[in-house]
$ cat query_19.tsv   # TSV, C-alpha atoms
chain	number	residue	atom	x	y	z
A	1079	MET	CA	228.11	63.44	68.82
A	1080	ASP	CA	227.26	62.48	72.40
A	1081	ALA	CA	226.09	66.02	73.20
A	1082	SER	CA	223.68	66.13	70.27
A	1083	LEU	CA	222.23	62.73	71.17
A	1084	VAL	CA	221.71	63.61	74.81
A	1085	LYS	CA	219.84	66.80	73.85
A	1086	MET	CA	217.33	64.86	71.76
A	1087	PRO	CA	213.83	64.24	73.17
A	1088	ASP	CA	213.34	60.83	74.79
A	1089	ASN	CA	210.92	59.66	72.10
A	1090	VAL	CA	213.48	60.44	69.38
A	1091	LEU	CA	216.21	58.59	71.28
A	1092	ASN	CA	213.89	55.63	71.71
A	1093	THR	CA	213.19	55.57	67.98
A	1094	ILE	CA	216.92	55.58	67.25
A	1095	LEU	CA	217.52	52.72	69.68
A	1096	GLU	CA	214.68	50.68	68.18
A	1097	ASN	CA	216.41	50.80	64.80
A	1098	LEU	CA	219.86	49.77	66.01
A	1099	ASP	CA	221.22	46.25	66.22
A	1100	PHE	CA	222.12	45.03	69.70
A	1101	ARG	CA	225.90	45.54	69.35
A	1102	SER	CA	225.32	49.16	68.33
A	1103	ILE	CA	223.21	49.74	71.44
A	1104	LEU	CA	226.04	48.44	73.62
A	1105	THR	CA	228.51	50.65	71.74
A	1106	LEU	CA	226.28	53.69	72.17
A	1107	GLN	CA	226.07	52.95	75.87
A	1108	LYS	CA	229.82	53.57	76.14
A	1109	VAL	CA	229.71	57.02	74.49
A	1110	CYS	CA	228.94	58.97	77.65
A	1111	ARG	CA	227.49	58.61	81.14
A	1112	ASP	CA	224.14	60.24	80.28
A	1113	LEU	CA	223.53	57.88	77.38
A	1114	ARG	CA	224.54	54.92	79.50
A	1115	HIS	CA	222.06	55.95	82.20
A	1116	PHE	CA	219.31	56.52	79.63
A	1117	ILE	CA	219.81	53.06	78.10
A	1118	ASP	CA	219.99	51.48	81.57
A	1119	ASP	CA	216.70	53.12	82.51
A	1120	VAL	CA	214.83	52.44	79.27
A	1121	ILE	CA	216.33	48.97	78.58
A	1122	PRO	CA	215.49	49.06	74.86
A	1123	PRO	CA	214.54	45.68	73.36
A	1124	SER	CA	217.25	44.00	71.35
A	1125	SER	CA	216.66	42.73	67.84
A	1126	ILE	CA	218.34	39.37	68.54
A	1127	SER	CA	216.32	36.53	67.01
A	1128	GLU	CA	218.42	33.47	67.91
A	1129	ILE	CA	220.70	32.51	70.81
A	1130	TYR	CA	222.98	29.46	70.84
A	1131	LEU	CA	224.94	28.28	73.90
A	1132	ARG	CA	227.49	25.46	73.86
A	1133	ILE	CA	229.20	24.61	77.14
A	1134	ASN	CA	232.04	22.24	77.96
A	1135	THR	CA	234.74	22.07	80.63
A	1136	LYS	CA	237.18	24.19	78.63
A	1137	ARG	CA	235.07	26.68	76.74
A	1138	ILE	CA	231.70	28.40	76.42
A	1139	SER	CA	230.46	29.45	73.00
A	1140	LEU	CA	227.77	32.14	72.78
A	1141	ARG	CA	226.35	32.86	69.34
A	1142	ILE	CA	223.61	35.37	68.59
A	1143	VAL	CA	221.78	36.08	65.36
A	1144	ASP	CA	220.60	39.64	64.89
A	1145	PRO	CA	218.63	40.50	61.70
A	1146	LYS	CA	219.69	44.14	62.07
A	1147	SER	CA	223.38	43.30	62.26
A	1148	LEU	CA	225.60	44.60	59.47
A	1149	SER	CA	227.73	41.43	59.31
A	1150	TYR	CA	227.13	39.31	56.22
A	1151	ASP	CA	225.61	36.35	58.11
A	1152	ARG	CA	223.91	38.50	60.78
A	1153	SER	CA	225.60	36.50	63.55
A	1154	THR	CA	228.22	37.07	66.22
A	1155	GLU	CA	229.97	34.30	68.14
A	1156	ILE	CA	232.05	34.76	71.28
A	1157	LYS	CA	234.14	31.92	72.70
A	1158	TYR	CA	235.22	32.19	76.33
A	1159	ARG	CA	238.06	30.16	77.83
A	1160	ASN	CA	240.57	30.42	80.64
A	1161	HIS	CA	244.03	31.82	79.94
A	1162	LYS	CA	247.11	31.94	82.16
A	1163	LYS	CA	246.51	35.69	82.49
A	1164	GLY	CA	242.75	35.43	83.04
A	1165	CYS	CA	239.88	34.99	80.60
A	1166	SER	CA	240.47	34.89	76.86
A	1167	THR	CA	237.68	35.68	74.39
A	1168	VAL	CA	237.55	35.27	70.64
A	1169	LYS	CA	234.79	37.16	68.85
A	1170	ASN	CA	233.78	36.24	65.31
A	1171	SER	CA	231.41	38.56	63.49
A	1172	GLY	CA	231.09	38.07	59.78
A	1173	LEU	CA	234.63	38.03	58.44
A	1174	LYS	CA	236.04	39.90	61.45
A	1175	LYS	CA	237.84	38.13	64.28
A	1176	LYS	CA	238.92	39.78	67.53
A	1177	LYS	CA	240.91	38.23	70.40
A	1178	GLN	CA	240.93	39.80	73.84
A	1179	LEU	CA	242.18	39.15	77.39
A	1180	ARG	CA	239.60	40.19	79.97
A	1181	GLY	CA	240.90	40.41	83.53
A	1182	ASN	CA	241.75	37.69	86.02
A	1183	GLU	CA	238.34	36.14	86.65
A	1184	ASP	CA	237.15	32.73	85.47
A	1185	PHE	CA	235.82	32.48	81.90
A	1186	VAL	CA	232.38	31.50	83.24
A	1187	ASP	CA	232.09	34.82	85.08
A	1188	PHE	CA	232.84	36.88	81.98
A	1189	PHE	CA	230.43	34.82	79.92
A	1190	TRP	CA	227.69	35.40	82.47
A	1191	ILE	CA	228.21	39.18	82.47
A	1192	ASP	CA	227.67	39.26	78.69
A	1193	PHE	CA	224.79	36.79	78.71
A	1194	GLU	CA	222.97	38.59	81.51
A	1195	THR	CA	223.21	41.84	79.54
A	1196	ILE	CA	221.73	40.15	76.47
A	1197	MET	CA	218.87	38.67	78.45
A	1198	ARG	CA	218.08	41.99	80.13
A	1199	HIS	CA	217.29	43.46	76.71
A	1200	GLN	CA	215.58	40.35	75.30
A	1201	LYS	CA	211.91	41.33	75.15
A	1202	ARG	CA	210.99	40.14	71.67
A	1203	ILE	CA	210.25	36.55	70.72
A	1204	LEU	CA	213.33	34.44	70.02
A	1205	GLN	CA	212.94	32.33	66.93
A	1206	LYS	CA	215.37	29.85	68.48
A	1207	PHE	CA	217.10	29.22	71.79
A	1208	SER	CA	219.65	26.41	71.88
A	1209	LEU	CA	221.47	25.02	74.92
A	1210	VAL	CA	224.02	22.25	74.37
A	1211	LEU	CA	226.01	20.79	77.27
A	1212	GLU	CA	228.89	19.07	75.53
A	1213	HIS	CA	229.50	15.84	77.43
A	1214	TYR	CA	232.23	14.75	75.03
A	1215	GLU	CA	234.72	14.49	77.88
A	1216	TYR	CA	236.96	12.12	75.96
A	1217	LYS	CA	237.82	14.98	73.62
A	1218	PHE	CA	239.15	17.20	76.37
A	1219	GLU	CA	241.70	16.93	79.14
A	1220	LYS	CA	239.56	15.74	82.00
A	1221	MET	CA	240.50	18.32	84.63
A	1222	GLN	CA	236.93	18.57	85.89
A	1223	THR	CA	233.60	17.14	84.91
A	1224	LEU	CA	231.14	19.17	82.90
A	1225	GLY	CA	228.67	18.94	85.77
A	1226	GLU	CA	230.95	21.06	87.93
A	1227	VAL	CA	230.90	23.78	85.29
A	1228	SER	CA	227.33	23.51	84.04
A	1229	SER	CA	225.53	23.15	87.38
A	1230	GLY	CA	226.46	26.69	88.41
A	1231	ILE	CA	225.48	28.10	85.02
A	1232	LEU	CA	222.16	26.23	85.01
A	1233	GLU	CA	221.34	27.47	88.50
A	1234	LYS	CA	222.08	31.06	87.45
A	1235	LEU	CA	220.04	30.58	84.30
A	1236	LYS	CA	217.10	29.25	86.31
A	1237	THR	CA	217.25	32.21	88.70
A	1238	LEU	CA	217.46	34.68	85.82
A	1239	LEU	CA	214.55	33.16	83.88
A	1240	GLU	CA	212.44	32.74	87.00
A	1241	SER	CA	212.93	36.37	88.02
A	1242	ARG	CA	211.85	37.88	84.70
A	1243	ALA	CA	208.71	40.02	84.92
A	1244	ILE	CA	207.69	38.61	81.53
A	1245	PRO	CA	208.75	35.02	80.72
A	1246	LEU	CA	211.28	34.56	77.92
A	1247	LYS	CA	209.40	34.10	74.66
A	1248	VAL	CA	210.76	31.41	72.36
A	1249	ASN	CA	209.37	29.70	69.24
A	1250	ASP	CA	211.86	26.86	68.94
A	1251	ILE	CA	213.89	25.47	71.85
A	1252	ASP	CA	216.71	23.00	71.37
A	1253	PHE	CA	218.56	21.00	74.04
A	1254	GLY	CA	221.72	18.91	73.83
A	1255	ILE	CA	221.75	17.04	77.15
A	1256	VAL	CA	222.17	13.64	78.82
A	1257	ASP	CA	219.07	13.68	81.03
A	1258	GLN	CA	215.94	15.71	81.72
A	1259	ASN	CA	217.46	17.34	84.82
A	1260	GLU	CA	219.56	19.49	82.49
A	1261	MET	CA	216.39	20.85	80.87
A	1262	MET	CA	214.41	21.56	84.04
A	1263	PRO	CA	216.28	24.78	84.97
A	1264	VAL	CA	215.17	26.26	81.62
A	1265	LEU	CA	212.04	24.76	80.05
A	1266	PRO	CA	209.54	25.47	82.89
A	1267	PHE	CA	210.35	29.18	82.69
A	1268	ILE	CA	209.83	29.66	78.94
A	1269	ASP	CA	206.59	31.36	77.88
A	1270	SER	CA	204.35	28.41	77.02
A	1271	SER	CA	202.09	30.52	74.80
A	1272	THR	CA	204.83	31.12	72.19
A	1273	LEU	CA	206.64	27.77	72.28
A	1274	GLU	CA	206.04	25.76	69.11
A	1275	ARG	CA	208.81	23.17	68.94
A	1276	ILE	CA	210.89	21.24	71.48
A	1277	SER	CA	213.99	19.42	70.21
A	1278	ILE	CA	216.10	17.13	72.42
A	1279	GLY	CA	219.44	15.63	71.42
A	1280	ASN	CA	221.94	13.35	73.13
A	1281	SER	CA	225.11	15.35	73.71
A	1282	LYS	CA	227.25	12.51	75.04
A	1283	GLY	CA	227.64	10.75	71.71
A	1284	LEU	CA	228.27	7.24	73.00
A	1285	GLY	CA	225.40	5.40	71.32
A	1286	SER	CA	221.71	5.24	72.15
A	1287	GLN	CA	220.72	5.73	75.78
A	1288	ASN	CA	217.44	5.70	77.67
A	1289	LEU	CA	215.87	9.09	78.33
A	1290	LYS	CA	213.32	9.65	81.08
A	1291	ILE	CA	211.00	12.60	80.42
A	1292	ASP	CA	208.39	12.01	83.15
A	1293	GLN	CA	209.01	15.50	84.62
A	1294	ILE	CA	209.06	17.21	81.23
A	1295	VAL	CA	205.72	15.79	80.05
A	1296	ARG	CA	203.93	17.36	83.02
A	1297	LEU	CA	205.02	20.88	82.09
A	1298	GLU	CA	202.66	23.39	80.50
A	1299	GLN	CA	205.36	24.05	77.90
A	1300	TRP	CA	205.20	20.41	76.80
A	1301	LYS	CA	201.42	20.37	76.72
A	1302	LEU	CA	201.12	23.49	74.55
A	1303	ALA	CA	204.01	22.98	72.11
A	1304	LYS	CA	203.09	21.79	68.61
A	1305	LYS	CA	206.14	19.75	67.62
A	1306	VAL	CA	208.62	17.54	69.46
A	1307	GLU	CA	211.76	15.87	68.15
A	1308	ILE	CA	213.94	13.56	70.24
A	1309	ASN	CA	216.88	12.33	68.20
A	1310	ASN	CA	217.55	8.65	67.67
A	1311	ASP	CA	220.46	8.59	70.14
A	1312	PHE	CA	217.79	8.50	72.86
A	1313	TRP	CA	215.34	5.67	73.54
A	1314	VAL	CA	212.10	7.10	74.93
A	1315	SER	CA	210.24	4.99	77.47
A	1316	GLU	CA	207.34	7.40	77.99
A	1317	PRO	CA	204.01	5.97	76.70
A	1318	ILE	CA	203.15	6.89	73.11
A	1319	LYS	CA	199.94	8.56	74.31
A	1320	SER	CA	202.09	11.25	76.00
A	1321	PHE	CA	202.78	12.60	72.49
A	1322	ALA	CA	199.16	12.62	71.32
A	1323	LYS	CA	198.49	16.37	71.43
A	1324	PHE	CA	201.39	17.38	69.17
A	1325	SER	CA	200.99	17.98	65.45
A	1326	LYS	CA	204.38	16.48	64.60
A	1327	VAL	CA	206.44	13.91	66.53
A	1328	GLU	CA	209.81	12.28	65.91
A	1329	ILE	CA	211.08	9.81	68.54
A	1330	SER	CA	212.91	6.51	68.98
A	1331	ILE	CA	211.66	3.57	71.02
A	1332	LYS	CA	213.31	0.21	71.59
A	1333	THR	CA	210.46	-2.00	70.42
A	1334	ILE	CA	207.24	-1.55	68.52
A	1335	ASN	CA	204.35	-4.01	68.46
A	1336	THR	CA	200.64	-4.45	67.89
A	1337	ALA	CA	199.78	-2.44	71.01
A	1338	THR	CA	201.90	0.48	69.76
A	1339	ILE	CA	200.14	0.46	66.40
A	1340	SER	CA	196.77	0.35	68.15
A	1341	VAL	CA	197.64	3.47	70.16
A	1342	LEU	CA	198.87	5.27	67.04
A	1343	ARG	CA	195.65	4.48	65.19
A	1344	GLU	CA	193.64	5.80	68.14
A	1345	ILE	CA	195.72	9.00	68.25
A	1346	PHE	CA	195.04	9.75	64.58
A	1347	LYS	CA	191.36	8.99	65.13
A	1348	THR	CA	190.82	11.12	68.25
A	1349	CYS	CA	193.43	13.89	67.86
A	1350	PRO	CA	192.71	15.93	64.71
A	1351	THR	CA	195.82	18.08	65.30
A	1352	MET	CA	198.15	15.08	64.86
A	1353	ASN	CA	199.62	15.35	61.35
A	1354	GLN	CA	202.80	13.26	61.46
A	1355	PHE	CA	204.26	10.66	63.82
A	1356	GLU	CA	207.70	9.29	63.00
A	1357	ILE	CA	209.27	6.45	64.98
A	1358	TYR	CA	212.70	4.83	64.87
A	1359	TYR	CA	213.07	1.50	66.64
A	1360	GLU	CA	215.46	-1.43	66.97
A	1361	PRO	CA	215.44	-3.62	63.85
A	1362	GLN	CA	212.83	-6.36	63.71
A	1363	ASP	CA	211.68	-8.65	60.95
A	1364	GLN	CA	207.95	-7.83	60.94
A	1365	ASP	CA	206.35	-5.58	58.33
A	1366	LEU	CA	204.37	-3.32	60.67
A	1367	ARG	CA	202.14	-2.05	57.89
A	1368	THR	CA	200.23	-5.33	58.04
A	1369	LEU	CA	199.06	-4.40	61.55
A	1370	PHE	CA	197.03	-1.46	60.27
A	1371	GLY	CA	194.36	-3.63	58.74
A	1372	HIS	CA	192.96	-3.48	55.21
A	1373	ARG	CA	194.56	-0.89	52.97
A	1374	PHE	CA	192.22	0.68	50.46
A	1375	ASP	CA	194.67	1.43	47.68
A	1376	GLY	CA	197.91	-0.08	46.48
A	1377	SER	CA	201.27	1.30	47.39
A	1378	TYR	CA	203.00	3.76	45.12
A	1379	ASP	CA	206.35	5.56	45.04
A	1380	ASP	CA	206.20	8.94	46.76
A	1381	GLU	CA	208.57	11.89	46.52
A	1382	ASP	CA	211.13	9.95	48.59
A	1383	ARG	CA	210.89	7.03	46.12
A	1384	GLY	CA	209.54	4.81	48.87
A	1385	ALA	CA	206.37	2.75	49.12
A	1386	ARG	CA	203.46	4.57	50.74
A	1387	TRP	CA	200.27	2.84	51.85
A	1388	PHE	CA	196.98	4.40	52.90
A	1389	PHE	CA	194.50	3.34	55.55
A	1390	ARG	CA	191.12	4.63	56.58
A	1391	ILE	CA	190.60	6.51	59.85
A	1392	PRO	CA	187.41	5.19	61.48
A	1393	ASP	CA	184.53	7.69	61.44
A	1394	ASN	CA	186.53	10.11	59.30
A	1395	GLU	CA	185.54	10.65	55.66
A	1396	GLU	CA	188.06	13.42	54.97
A	1397	ASP	CA	191.41	12.14	56.23
A	1398	VAL	CA	193.40	8.94	55.81
A	1399	ILE	CA	196.65	7.64	57.31
A	1400	SER	CA	199.66	7.48	55.02
A	1401	VAL	CA	202.14	4.84	56.19
A	1402	GLN	CA	205.79	4.70	55.13
A	1403	SER	CA	208.27	2.16	56.43
A	1404	ASN	CA	211.61	0.61	55.64
A	1405	LEU	CA	210.05	-2.58	57.09
A	1406	PHE	CA	212.62	-3.06	59.84
A	1407	SER	CA	213.45	0.04	61.89
A	1408	TRP	CA	211.51	3.11	60.76
A	1409	LEU	CA	207.84	4.03	60.54
A	1410	ARG	CA	206.18	7.29	59.54
A	1411	LEU	CA	202.47	8.00	59.79
A	1412	THR	CA	201.09	11.11	58.11
A	1413	ARG	CA	197.57	12.53	57.99
A	1414	VAL	CA	196.55	13.07	54.37
A	1415	LYS	CA	193.36	14.47	52.84
A	1416	TYR	CA	191.46	11.77	51.00
A	1417	SER	CA	190.70	14.27	48.24
A	1418	ASP	CA	194.45	14.76	47.65
A	1419	LEU	CA	195.23	11.12	46.91
A	1420	PRO	CA	196.61	10.58	43.40
A	1421	GLU	CA	194.41	7.54	42.88
A	1422	LYS	CA	191.49	6.39	44.99
A	1423	ARG	CA	190.54	2.74	45.19
A	1424	ASP	CA	188.37	1.22	47.93
$ encode --input "query_19.tsv" --output "structure tokens"
Amino acid sequence: MDASLVKMPDNVLNTILENLDFRSILTLQKVCRDLRHFIDDVIPPSSISEIYLRINTKRISLRIVDPKSLSYDRSTEIKYRNHKKGCSTVKNSGLKKKKQLRGNEDFVDFFWIDFETIMRHQKRILQKFSLVLEHYEYKFEKMQTLGEVSSGILEKLKTLLESRAIPLKVNDIDFGIVDQNEMMPVLPFIDSSTLERISIGNSKGLGSQNLKIDQIVRLEQWKLAKKVEINNDFWVSEPIKSFAKFSKVEISIKTINTATISVLREIFKTCPTMNQFEIYYEPQDQDLRTLFGHRFDGSYDDEDRGARWFFRIPDNEEDVISVQSNLFSWLRLTRVKYSDLPEKRD
């Protein structure tokens, strides 16, 4: 088998490699030295579409999704952890599970060898890249803090991404972190031209905390992305206007008032790309819809069986603002075409 493959013309070998899933490429690399050298020289692009990393003090989980994979869910997950005899890995692919002991080095080192190989072949756009630093220390024996583990990985990740001839292309990037410093080794080095959505979650899980994003909002990646979601375990202190250029926003802020509503109205007036702005805030007893001014039609039950009000956008005959609220802690503004309203009453 190896002899027949090696004798094939390079263009035929390249075609074969292009039609293999990533695991098959790695398997083929082990067939013989000539094939290994050919693959090392060509570095064929992998077909991986999603990468998920979860890191805590005891374990690293690496999951990849490969549309060309033969497993039923197209995904493979490898969990790395230390063992008394070295590093232990558990690989789950479809319904198959494989346990393995891999030498005497630390589990982080073996993870990095595998991850670096994946990234070397990652030339296509990733639909999703997820990095979660699990700060749930109370769930694990506290032998060392997560920072001691993650800081080295983040530094390596920064160096790897920074050194790429072509920046890593990602559509949707997801972070589980406790502060913006855990995003900065990654986000600035993602190709800003392909990034569509940024999602940020609180990975400590001890109630809502303040999140500073003053460094993040200055990045080109932030400025060019279309959607941003910051889950409601984070209070955002950055001014609302910092979110104006997105098409869809979901954030939480501690308080909302007349000034906030004024800024939101101005965003929908001056930023035609803004389609939806959703805000969670600490409960208060004011119906914020009254701050939008005169509504031009009565409320009606929408698909969520909630009241929806509509308000004019100044100097805009085509679009209106749809406002939904639970009156006390949630507000959603959506741009709607006036012509699509079920009933029009001025």
$ residues_near_point --input "query_19.tsv" --point "(223.9, 44.6, 63.3)" --cutoff "7 Å" --atoms "only C-alpha atoms" --output "JSON list (two decimals) with C-alpha atoms, in the frame of the given file"
[["chain", "number", "residue", "atom", "x", "y", "z"],
["A", 1099, "ASP", "CA", 221.22, 46.25, 66.22],
["A", 1100, "PHE", "CA", 222.12, 45.03, 69.70],
["A", 1101, "ARG", "CA", 225.90, 45.54, 69.35],
["A", 1102, "SER", "CA", 225.32, 49.16, 68.33],
["A", 1144, "ASP", "CA", 220.60, 39.64, 64.89],
["A", 1145, "PRO", "CA", 218.63, 40.50, 61.70],
["A", 1146, "LYS", "CA", 219.69, 44.14, 62.07],
["A", 1147, "SER", "CA", 223.38, 43.30, 62.26],
["A", 1148, "LEU", "CA", 225.60, 44.60, 59.47],
["A", 1149, "SER", "CA", 227.73, 41.43, 59.31],
["A", 1152, "ARG", "CA", 223.91, 38.50, 60.78]]
$ atom_distance --input "query_19.tsv" --atom1 "CA of Gly1164 in chain A" --atom2 "CA of Gly1181 in chain A"
5.3 Å
$ atom_distance --input "query_19.tsv" --atom1 "CA of Val1210 in chain A" --atom2 "CA of Leu1289 in chain A"
16.0 Å
$ atom_distance --input "query_19.tsv" --atom1 "CA of Asn1310 in chain A" --atom2 "CA of Ile1329 in chain A"
6.6 Å
$ residues_around --input "query_19.tsv" --residues "range 1314-1317 of chain A" --least-positions-apart "2" --cutoff "9 Å" --atoms "all atoms listed in the file" --output "ChimeraX atom specification"
/A:1287-1292,1295,1308,1312,1319-1321,1329-1332
$ decode --input "query_19.tsv" --residues "range 1339-1363 of chain A" --atoms "N, CA and C atoms" --output "mmCIF file, in the first residue's frame"
data_model
loop_
_atom_site.group_PDB
_atom_site.id
_atom_site.type_symbol
_atom_site.label_atom_id
_atom_site.label_comp_id
_atom_site.auth_asym_id
_atom_site.auth_seq_id
_atom_site.Cartn_x
_atom_site.Cartn_y
_atom_site.Cartn_z
ATOM 1 N N ILE A 1339 -31.532 54.947 27.208
ATOM 2 C CA ILE A 1339 -32.548 54.871 26.157
ATOM 3 C C ILE A 1339 -32.252 55.873 25.057
ATOM 4 N N SER A 1340 -31.800 57.052 25.434
ATOM 5 C CA SER A 1340 -31.465 58.083 24.455
ATOM 6 C C SER A 1340 -30.349 57.616 23.531
ATOM 7 N N VAL A 1341 -29.332 56.975 24.098
ATOM 8 C CA VAL A 1341 -28.227 56.457 23.287
ATOM 9 C C VAL A 1341 -28.717 55.349 22.364
ATOM 10 N N LEU A 1342 -29.567 54.469 22.868
ATOM 11 C CA LEU A 1342 -30.100 53.387 22.042
ATOM 12 C C LEU A 1342 -30.912 53.928 20.870
ATOM 13 N N ARG A 1343 -31.726 54.922 21.126
ATOM 14 C CA ARG A 1343 -32.515 55.529 20.047
ATOM 15 C C ARG A 1343 -31.595 56.127 18.987
ATOM 16 N N GLU A 1344 -30.521 56.766 19.439
ATOM 17 C CA GLU A 1344 -29.577 57.386 18.504
ATOM 18 C C GLU A 1344 -28.848 56.325 17.684
ATOM 19 N N ILE A 1345 -28.515 55.193 18.318
ATOM 20 C CA ILE A 1345 -27.843 54.107 17.600
ATOM 21 C C ILE A 1345 -28.728 53.585 16.472
ATOM 22 N N PHE A 1346 -29.999 53.354 16.762
ATOM 23 C CA PHE A 1346 -30.906 52.836 15.732
ATOM 24 C C PHE A 1346 -31.160 53.874 14.643
ATOM 25 N N LYS A 1347 -31.021 55.135 14.981
ATOM 26 C CA LYS A 1347 -31.209 56.202 13.992
ATOM 27 C C LYS A 1347 -30.005 56.330 13.069
ATOM 28 N N THR A 1348 -28.797 56.271 13.640
ATOM 29 C CA THR A 1348 -27.585 56.583 12.880
ATOM 30 C C THR A 1348 -26.821 55.357 12.387
ATOM 31 N N CYS A 1349 -27.152 54.177 12.892
ATOM 32 C CA CYS A 1349 -26.418 52.958 12.512
ATOM 33 C C CYS A 1349 -27.372 51.977 11.838
ATOM 34 N N PRO A 1350 -27.498 52.039 10.514
ATOM 35 C CA PRO A 1350 -28.464 51.186 9.810
ATOM 36 C C PRO A 1350 -28.174 49.696 9.916
ATOM 37 N N THR A 1351 -26.949 49.326 10.321
ATOM 38 C CA THR A 1351 -26.623 47.901 10.452
ATOM 39 C C THR A 1351 -27.141 47.308 11.761
ATOM 40 N N MET A 1352 -27.497 48.162 12.739
ATOM 41 C CA MET A 1352 -27.986 47.658 14.018
ATOM 42 C C MET A 1352 -29.391 47.085 13.856
ATOM 43 N N ASN A 1353 -29.535 45.786 14.089
ATOM 44 C CA ASN A 1353 -30.829 45.117 13.936
ATOM 45 C C ASN A 1353 -31.461 44.709 15.263
ATOM 46 N N GLN A 1354 -30.626 44.379 16.245
ATOM 47 C CA GLN A 1354 -31.193 43.954 17.536
ATOM 48 C C GLN A 1354 -30.232 44.279 18.673
ATOM 49 N N PHE A 1355 -30.785 44.849 19.736
ATOM 50 C CA PHE A 1355 -29.998 45.177 20.929
ATOM 51 C C PHE A 1355 -30.778 44.672 22.133
ATOM 52 N N GLU A 1356 -30.193 43.710 22.829
ATOM 53 C CA GLU A 1356 -30.866 43.076 23.961
ATOM 54 C C GLU A 1356 -30.069 43.345 25.235
ATOM 55 N N ILE A 1357 -30.756 43.840 26.267
ATOM 56 C CA ILE A 1357 -30.087 44.224 27.508
ATOM 57 C C ILE A 1357 -30.773 43.575 28.703
ATOM 58 N N TYR A 1358 -29.963 42.982 29.569
ATOM 59 C CA TYR A 1358 -30.428 42.528 30.882
ATOM 60 C C TYR A 1358 -29.872 43.505 31.916
ATOM 61 N N TYR A 1359 -30.648 43.791 32.941
ATOM 62 C CA TYR A 1359 -30.202 44.754 33.944
ATOM 63 C C TYR A 1359 -30.822 44.397 35.286
ATOM 64 N N GLU A 1360 -30.305 45.006 36.351
ATOM 65 C CA GLU A 1360 -30.837 44.722 37.677
ATOM 66 C C GLU A 1360 -32.277 45.204 37.767
ATOM 67 N N PRO A 1361 -33.143 44.445 38.421
ATOM 68 C CA PRO A 1361 -34.571 44.792 38.478
ATOM 69 C C PRO A 1361 -34.819 46.221 38.957
ATOM 70 N N GLN A 1362 -35.742 46.884 38.272
ATOM 71 C CA GLN A 1362 -36.195 48.206 38.689
ATOM 72 C C GLN A 1362 -37.672 48.328 38.361
ATOM 73 N N ASP A 1363 -38.335 49.273 38.986
ATOM 74 C CA ASP A 1363 -39.796 49.311 38.906
ATOM 75 C C ASP A 1363 -40.325 50.240 37.830
#
